[in-house]
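> This is the content of protein-v5.cif (mmCIF, C-alpha atoms):
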data_target
loop_
_atom_site.label_atom_id
_atom_site.label_comp_id
_atom_site.auth_asym_id
_atom_site.auth_seq_id
_atom_site.Cartn_x
_atom_site.Cartn_y
_atom_site.Cartn_z
CA MET A 27 153.32 15.22 191.92
CA VAL A 28 151.00 17.99 190.70
CA SER A 29 149.12 16.96 187.56
CA GLU A 30 148.69 19.15 184.49
CA ARG A 31 144.94 19.30 185.20
CA ASP A 32 145.58 20.59 188.74
CA GLU A 33 147.78 23.37 187.38
CA GLU A 34 145.17 24.34 184.78
CA GLU A 35 142.42 24.39 187.45
CA LYS A 36 144.46 26.64 189.72
CA HIS A 37 144.50 29.30 187.02
CA LEU A 38 140.71 29.43 187.31
CA PHE A 39 140.71 30.06 191.07
CA HIS A 40 140.48 33.56 192.46
CA VAL A 41 141.69 34.18 196.03
CA LEU A 42 140.82 37.26 198.08
CA ALA A 43 143.65 37.85 200.59
CA VAL A 44 142.98 40.15 203.58
CA ASP A 45 145.78 41.35 205.89
CA ASP A 46 146.63 44.69 207.48
CA SER A 47 150.36 43.88 207.46
CA ASN A 48 151.98 44.96 204.23
CA ILE A 49 154.78 42.41 204.61
CA ASP A 50 152.43 39.50 205.33
CA ARG A 51 150.17 40.59 202.49
CA MET A 52 153.06 40.66 200.02
CA LEU A 53 154.28 37.25 201.22
CA LEU A 54 150.83 35.73 200.84
CA GLU A 55 150.38 37.26 197.40
CA ARG A 56 153.74 35.85 196.30
CA LEU A 57 152.91 32.35 197.58
CA LEU A 58 149.51 32.31 195.91
CA THR A 59 150.84 33.72 192.65
CA PHE A 60 153.67 31.18 192.67
CA SER A 61 151.02 28.48 193.07
CA SER A 62 149.27 29.83 189.95
CA TYR A 63 146.21 31.33 191.70
CA GLN A 64 144.62 34.63 190.73
CA VAL A 65 144.99 36.96 193.73
CA THR A 66 143.30 40.14 194.93
CA CYS A 67 144.80 41.71 198.10
CA VAL A 68 143.07 44.17 200.44
CA GLU A 69 144.39 45.69 203.67
CA SER A 70 141.36 45.47 205.98
CA GLY A 71 138.11 43.71 206.75
CA ASP A 72 136.22 46.83 205.67
CA LYS A 73 137.90 46.73 202.26
CA ALA A 74 137.08 43.04 201.95
CA LEU A 75 133.40 43.70 202.70
CA GLU A 76 133.41 46.54 200.20
CA TYR A 77 135.01 44.32 197.56
CA LEU A 78 132.41 41.61 198.17
CA GLY A 79 129.56 44.12 198.12
CA LEU A 80 128.70 43.50 201.79
CA VAL A 81 128.89 47.10 203.03
CA ASP A 82 126.46 47.76 205.91
CA ILE A 83 123.04 49.13 204.98
CA HIS A 84 123.50 51.43 207.98
CA GLN A 85 126.68 52.80 206.43
CA GLN A 86 124.89 53.40 203.14
CA ASN A 87 122.06 55.20 204.93
CA GLN A 88 124.59 57.41 206.73
CA CYS A 89 126.14 58.21 203.39
CA GLU A 90 122.77 59.21 201.94
CA ARG A 91 121.91 61.43 204.93
CA SER A 92 125.30 63.16 204.79
CA LEU A 93 124.78 64.38 201.23
CA PRO A 94 122.74 67.51 200.28
CA LEU A 95 119.12 66.81 199.37
CA SER A 96 119.45 69.18 196.45
CA SER A 97 121.78 66.86 194.59
CA PRO A 98 120.08 63.45 194.25
CA SER A 99 122.38 62.53 191.40
CA SER A 100 125.41 62.97 193.68
CA THR A 101 123.78 60.75 196.31
CA GLN A 102 123.35 58.00 193.75
CA LEU A 103 126.96 58.23 192.58
CA SER A 104 128.54 58.49 196.03
CA CYS A 105 126.58 55.75 197.73
CA ASP A 106 126.83 53.41 194.80
CA SER A 107 130.61 53.73 195.04
CA LEU A 108 130.44 51.91 198.40
CA SER A 109 129.02 48.80 196.76
CA SER A 110 130.54 49.20 193.30
CA LYS A 111 132.50 46.00 193.89
CA SER A 112 129.35 43.91 194.27
CA GLU A 113 129.71 42.67 190.71
CA VAL A 114 133.21 41.31 191.24
CA SER A 115 134.56 38.27 189.49
CA LYS A 116 133.83 35.03 191.32
CA VAL A 117 135.92 34.56 194.46
CA ASN A 118 136.74 30.91 195.21
CA LEU A 119 138.67 31.35 198.47
CA ILE A 120 139.07 34.04 201.12
CA MET A 121 142.20 34.12 203.30
CA THR A 122 142.10 36.59 206.17
CA ASP A 123 144.30 37.60 209.08
CA TYR A 124 142.66 37.24 212.49
CA SER A 125 143.97 40.34 214.28
CA MET A 126 143.16 43.47 212.30
CA PRO A 127 142.01 46.94 213.39
CA GLY A 128 138.31 47.54 212.89
CA ILE A 129 136.75 44.33 211.63
CA SER A 130 138.68 41.30 212.86
CA GLY A 131 139.17 38.15 210.83
CA TYR A 132 136.54 36.39 212.94
CA ASP A 133 134.02 39.19 212.40
CA LEU A 134 134.73 39.06 208.68
CA LEU A 135 134.22 35.29 208.73
CA LYS A 136 130.82 35.67 210.43
CA ARG A 137 129.72 38.37 207.98
CA ILE A 138 130.69 36.18 205.03
CA LYS A 139 128.92 33.11 206.39
CA ASP A 140 125.75 35.16 206.90
CA SER A 141 125.79 36.42 203.31
CA SER A 142 125.43 35.20 199.75
CA TRP A 143 129.16 34.30 199.89
CA LYS A 144 128.54 31.68 202.61
CA ASP A 145 129.62 28.77 200.39
CA VAL A 146 133.05 30.27 199.71
CA PRO A 147 135.76 28.63 201.88
CA VAL A 148 137.41 30.99 204.38
CA VAL A 149 140.89 30.40 205.81
CA VAL A 150 141.84 32.38 208.93
CA MET A 151 145.51 33.13 209.69
CA SER A 152 147.22 34.26 212.88
CA SER A 153 150.73 34.55 214.33
CA GLU A 154 149.33 33.52 217.73
CA ASN A 155 148.62 29.88 218.52
CA VAL A 156 145.57 30.32 220.76
CA PRO A 157 143.45 27.11 220.93
CA SER A 158 140.26 28.90 221.97
CA ARG A 159 140.62 31.29 219.04
CA ILE A 160 141.28 28.45 216.62
CA ASN A 161 138.25 26.48 217.83
CA MET A 162 136.04 29.57 217.66
CA CYS A 163 136.96 30.19 214.02
CA LEU A 164 136.58 26.54 212.97
CA GLU A 165 133.21 26.32 214.71
CA GLY A 166 132.26 29.61 213.04
CA GLY A 167 132.71 28.04 209.60
CA ALA A 168 136.41 28.53 208.77
CA GLU A 169 137.83 25.94 206.40
CA GLU A 170 141.30 26.07 207.95
CA PHE A 171 143.25 28.00 210.58
CA LEU A 172 146.87 28.62 209.58
CA LEU A 173 149.70 29.86 211.76
CA LYS A 174 151.89 32.62 210.36
CA PRO A 175 154.14 32.86 208.56
CA VAL A 176 152.16 31.00 205.93
CA LYS A 177 154.27 28.55 203.93
CA LEU A 178 153.98 27.16 200.44
CA ALA A 179 153.11 23.77 201.95
CA ASP A 180 150.11 25.41 203.65
CA VAL A 181 148.86 26.76 200.34
CA GLU A 182 149.23 23.36 198.69
CA LYS A 183 147.48 21.69 201.63
CA ILE A 184 144.28 23.68 201.21
CA HIS A 185 144.16 23.10 197.43
CA SER A 186 142.41 19.71 197.72
CA ASN A 187 139.84 21.20 200.11
CA LEU A 188 139.37 24.09 197.72
CA ILE A 189 138.65 21.72 194.82
CA SER A 190 136.00 19.80 196.77
CA SER A 191 134.40 22.82 198.46
CA THR A 192 134.22 25.31 195.60
CA ASN A 193 131.22 25.53 193.30
CA TYR A 194 132.30 26.23 189.74
CA SER A 195 130.56 28.92 187.78
CA PRO A 196 129.37 27.98 184.28
CA CYS A 197 132.37 29.80 182.79
CA GLU A 198 134.77 27.82 184.95
CA GLU A 199 133.06 24.53 184.13
CA ASN A 200 133.28 25.34 180.43
CA GLY A 201 136.90 26.36 180.89
CA ILE A 202 137.83 23.07 182.52
CA ALA A 203 135.78 21.18 179.93
CA GLU A 204 137.70 22.94 177.15
CA ILE A 205 141.00 22.09 178.84
CA GLU A 206 140.00 18.44 179.15
CA LYS A 207 138.76 18.41 175.54
CA SER A 208 142.04 19.89 174.36
CA ASN A 209 144.05 17.35 176.35
CA ASN A 210 141.95 14.49 174.96
CA ALA A 211 142.45 15.83 171.43
CA LYS A 212 146.20 15.93 172.01
CA ARG A 213 146.21 12.37 173.31
CA GLU A 214 144.07 11.17 170.39
CA GLY A 215 146.31 12.98 167.92
CA SER A 216 149.37 11.40 169.48
CA GLU A 217 147.73 7.97 169.31
CA ILE A 218 146.80 8.49 165.64
CA ASP A 219 150.36 9.56 164.82
CA LYS A 220 151.65 6.50 166.63
CA ASN A 221 149.27 4.19 164.77
CA CYS A 222 150.13 5.82 161.45
CA SER A 223 153.79 5.41 162.19
CA ASN A 224 153.30 1.74 163.07
CA GLY A 225 151.16 1.28 159.94
CA ASN A 226 153.85 2.82 157.75
CA LYS A 227 156.42 0.52 159.33
CA ARG A 228 154.25 -2.50 158.59
CA LYS A 229 153.75 -1.32 154.99
CA ALA A 230 157.49 -0.88 154.59
CA THR A 231 158.09 -4.39 155.96
CA VAL A 232 155.52 -5.94 153.61
CA ALA A 233 156.91 -3.96 150.66
CA THR A 234 160.43 -5.13 151.46
CA SER A 235 159.23 -8.69 151.78
CA LEU A 236 157.49 -8.51 148.41
CA ASP A 237 160.49 -6.89 146.86
CA LEU A 238 162.76 -9.60 148.17
CA SER A 239 160.38 -12.32 146.98
CA ASP A 240 160.39 -10.77 143.50
CA ARG A 241 164.16 -10.90 143.46
CA ARG A 242 164.39 -14.64 144.20
CA PRO A 243 165.73 -16.63 141.24
CA ARG A 244 162.97 -18.46 139.48
CA VAL A 245 163.51 -22.14 138.69
CA GLN A 246 162.27 -23.05 135.25
CA GLU A 247 160.55 -26.41 135.24
CA LEU A 248 161.67 -28.67 132.36
CA PRO A 249 159.11 -30.88 130.62
CA VAL A 250 159.29 -34.52 131.68
CA SER A 251 160.24 -36.77 128.75
#
Re-express the file's structure as structure tokens.


Amino acid sequence: MVSERDEEEKHLFHVLAVDDSNIDRMLLERLLTFSSYQVTCVESGDKALEYLGLVDIHQQNQCERSLPLSSPSSTQLSCDSLSSKSEVSKVNLIMTDYSMPGISGYDLLKRIKDSSWKDVPVVVMSSENVPSRINMCLEGGAEEFLLKPVKLADVEKIHSNLISSTNYSPCEENGIAEIEKSNNAKREGSEIDKNCSNGNKRKATVATSLDLSDRRPRVQELPVS
């Protein structure tokens, strides 16, 4: 059974989903959203690299050379747009298709593992069950290799690995701390209410007992002659 803490933690996780198939991308987004994850979907490895701010320096240099020298301000704006996603919100998991035009899922995996995002778990997906491909991705640093179509059980399976592998940012740690603090406060409040209720019951019992004792007939003692 999924605990309340697990559900709260999922809301803090951000998944970058990469797939060139619109149908597979929509299915993956639905599964992740249903599991309470934050999801960002892109349609190619190039878009994923752009989102992560890992666009090739060579590509940026080409961009700079292609613009007129007489407009330095335009060069700054245009080339910065290639890496404008570098300051993205923290990504806790990357799920990518293996077979994509341009940059394949394996190439994307290698680029990520050679970058500042190397500690982020990467899950590779494919509709083809090719052992050599699976081993290559796992040896290349993939956290998991899933066969398509991805199922809800697959998403739940990687959650425990995600918890142990992901480094929380200070904001996320504070968020979870606040959740835990709130839950503790609720439990303490419930315990106080329970104790108060029990205390009131005991008071009522004592009061009733005293009241009954006051109502007992008193026997007047007669002087002994």

> Please expand the PyMOL selection byres ((chain A and resi 138-141) around 10) into the concrete residues it hits in this file, giving the result as a list in words.

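Matching residues under the PyMOL selection byres ((chain A and resi 138-141) around 10) are Ala74, Leu75, Leu78, Leu80, Ile120, Tyr132, Asp133, Leu134, Leu135, Lys136, Arg137, Ser142, Trp143, Lys144, Asp145, Val146, Pro147, Val148, Gly166, Gly167 and Ala168 of chain A.
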
> Between atom CA of Met151 of chain A and atom CA of Met121 of chain A, measure the distance and give it in Å to one decimal.

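Separation of atom CA of Met151 of chain A and atom CA of Met121 of chain A: 7.3 Å.
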
> Grab the atom CA of Asp50 of chain A to atom CA of Thr122 of chain A distance for me, in Å with one decimal place.

10.8 Å

> May I ask for the distance between atom CA of Lys177 of chain A and atom CA of Leu57 of chain A, given in Å to one decimal place?

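Atom CA of Leu57 of chain A lies 7.5 Å from atom CA of Lys177 of chain A.
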
> Here's the selection I'm unsure about, the PyMOL selection byres ((chain A and resi 154) around 8); applied to the file above, which residues does it give, as a PDB file with C-alpha atoms, keeping the file's coordinate frame?


ATOM      1  CA  SER A 152     147.220  34.260 212.880  1.00  0.00           C
ATOM      2  CA  SER A 153     150.730  34.550 214.330  1.00  0.00           C
ATOM      3  CA  ASN A 155     148.620  29.880 218.520  1.00  0.00           C
ATOM      4  CA  VAL A 156     145.570  30.320 220.760  1.00  0.00           C
ATOM      5  CA  LEU A 173     149.700  29.860 211.760  1.00  0.00           C
ATOM      6  CA  LYS A 174     151.890  32.620 210.360  1.00  0.00           C
TER       7      LYS A 174
END

> Which residues would end up in the selection if the PyMOL selection byres ((chain A and resi 123) around 7) were applied here, given that I need the answer as number ranges by chain?

A: 44-45, 122, 124-126, 131, 150-152

> Of the candidates A:Pro127, A:Glu165, A:Ser61, A:Val117, which one gets nearest to Asp46 of chain A if we count only C-alpha atoms?

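Using only C-alpha atoms, Asp46 of chain A sits closest to A:Pro127.
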
> Could you give me, as a PyMOL selection string, the residues that have an atom at most 7 Å away from the point (139.1, 30.4, 191.9) in the coordinates of the file, using only C-alpha atoms?

chain A and resi 36+38-41+117-119

> Show me, as a list in words, the residues that have an atom within 9 Å of Leu54 of chain A when counting all atoms listed in the file, minus same-chain residues fewer than 6 positions from it.

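The contact residues come out as Ala43, Cys67, Pro175, Val176 and Lys177 of chain A.
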